[in-house]
Amino acid sequence: MPTTDSYGQGVQIAALTDAPNLATLAQNLATGLVPRSNLRYASASARNAAIPSPVAGTVAFLTTEKLLTVYDGTAWVVVAAGTSAWTTVSLASGFSHDGNSNGTVQYRVVNLFGELSVMLQGGLNITYPGSPGVIANGGILTNTALPATARPGSLRTVSAACSAVTSSSLSLKVDAQSDGHLKVIGTSSTTASDRITPPWVSLNGLFYSL
């Protein structure tokens, strides 16, 4: 009768005393090895349809999403993300790139500790055209919403460093909204007792989970 491999993976290996059967031999090898290899599917939905009852340790790469996933016994989790190029954020009127020479405002989707997250970089110049000195566009800095792949499931708030010029605070909040827009929170009017109207905000090193 067949034996199993010496690595304890349950792959059946025909014994010399078994009746010759090439079809059974090939099927046993394919059945034993394929589920333990790096499977490839076009998308998560294609993977789920092909593997309705995955076992812990099953690995699958999703070509559309560029994600390497593994089933941990409870759910599919991301263990690695493919190349994700920096994408320049289209800024609304009243905001511009390269604040404090920190570079262009950009984002990319990355794998952070097994969870897809958005990473931000660049410096944001801010103007206060409102009267008296109210931030432009209500603080919404994005001209167009970020794509669905970069939108959080709910509001994400992170802290961002800002200029000390015309500001009694060295940081502001940046809200990543579920509609795909980014918003600066925490400025005040020029007549407030604690004036917070910094000319720039740094987005370098900011992350928010999806």
# chains A, B, ... in the order shown; residues from 1 in each chain; ligands from 1
>>> residues_around(residues="region 133-147 of chain A", least_positions_apart="2", cutoff="6 Å", atoms="only C-alpha atoms", output="PyMOL selection string")
chain A and resi 90-92+94+128-131+149-150+180-184+189-190
>>> write_last_selection(atoms="C-alpha atoms", output="CSV table (one decimal), in the first residue's frame")
chain,number,residue,atom,x,y,z
A,90,SER,CA,-4.5,65.8,-7.0
A,91,LEU,CA,-4.8,68.8,-4.6
A,92,ALA,CA,-7.8,71.1,-4.2
A,94,GLY,CA,-5.8,76.5,-1.8
A,128,TYR,CA,-6.2,80.7,4.4
A,129,PRO,CA,-8.3,82.7,2.0
A,130,GLY,CA,-11.4,82.6,4.2
A,131,SER,CA,-12.4,85.5,6.3
A,149,THR,CA,-8.3,50.6,-3.1
A,150,ALA,CA,-7.0,53.5,-0.9
A,180,GLY,CA,-11.6,58.9,-0.4
A,181,HIS,CA,-10.9,62.5,0.6
A,182,LEU,CA,-8.2,63.7,2.9
A,183,LYS,CA,-8.9,66.6,5.3
A,184,VAL,CA,-6.8,68.8,7.5
A,189,SER,CA,-9.1,81.7,12.4
A,190,THR,CA,-6.6,84.5,12.5
>>> closest_residue(among="A:Ser202, A:Ser43, A:Thr197, A:Ser84", to="Glu65 (chain A)", atoms="only C-alpha atoms")
A:Ser43
>>> select_by_dssp(residues="region 1-207 of chain A", states="alpha helix (DSSP H)", output="VMD selection string")
chain A and resid 22 to 33 44 to 50
>>> atom_distance(atom1="CA of Gln106 (chain A)", atom2="CA of Leu155 (chain A)")
19.2 Å
>>> residues_around(residues="Asn204 (chain A)", least_positions_apart="4", cutoff="9 Å", atoms="only C-alpha atoms", output="list in words")
Asn102, Val105, Met119, Leu120, Gln121, Gly122, Gly123, Ala160 and Ala161 of chain A
>>> write_last_selection(atoms="N, CA and C atoms", output="short mmCIF file (atom, residue, chain, number, x, y, z; two decimals), in the first residue's frame")
data_model
loop_
_atom_site.label_atom_id
_atom_site.label_comp_id
_atom_site.auth_asym_id
_atom_site.auth_seq_id
_atom_site.Cartn_x
_atom_site.Cartn_y
_atom_site.Cartn_z
N ASN A 102 9.35 69.50 1.44
CA ASN A 102 9.18 68.09 1.80
C ASN A 102 8.75 67.22 0.63
N VAL A 105 3.07 65.68 -2.55
CA VAL A 105 2.13 64.88 -1.75
C VAL A 105 1.72 63.65 -2.55
N MET A 119 0.21 54.60 2.83
CA MET A 119 1.37 55.37 3.28
C MET A 119 1.37 56.70 2.55
N LEU A 120 1.59 57.78 3.28
CA LEU A 120 1.62 59.12 2.70
C LEU A 120 3.02 59.70 2.78
N GLN A 121 3.31 60.62 1.87
CA GLN A 121 4.57 61.36 1.92
C GLN A 121 4.38 62.72 1.27
N GLY A 122 5.34 63.62 1.54
CA GLY A 122 5.32 64.94 0.91
C GLY A 122 4.92 66.04 1.87
N GLY A 123 5.07 67.27 1.40
CA GLY A 123 4.71 68.45 2.18
C GLY A 123 3.56 69.20 1.53
N ALA A 160 -0.15 64.92 12.18
CA ALA A 160 0.85 65.37 11.22
C ALA A 160 1.57 66.60 11.75
N ALA A 161 2.88 66.63 11.58
CA ALA A 161 3.68 67.78 12.01
C ALA A 161 3.37 68.99 11.13
#
>>> closest_residue(among="A:Leu210, A:Ile185, A:Ala42, A:Val158", to="Glu115 (chain A)", atoms="only C-alpha atoms")
A:Leu210
>>> residues_around(residues="region 68-73 of chain A", least_positions_apart="2", cutoff="10 Å", atoms="only C-alpha atoms", output="MDAnalysis selection string")
chainID A and resid 38:40 44 54:63 65:66 75:82 114
>>> atom_distance(atom1="CA of Thr187 (chain A)", atom2="CA of Leu172 (chain A)")
7.4 Å
>>> closest_residue(among="A:Val110, A:Ile51, A:Val118, A:Ile196", to="Tyr208 (chain A)", atoms="only C-alpha atoms")
A:Val118
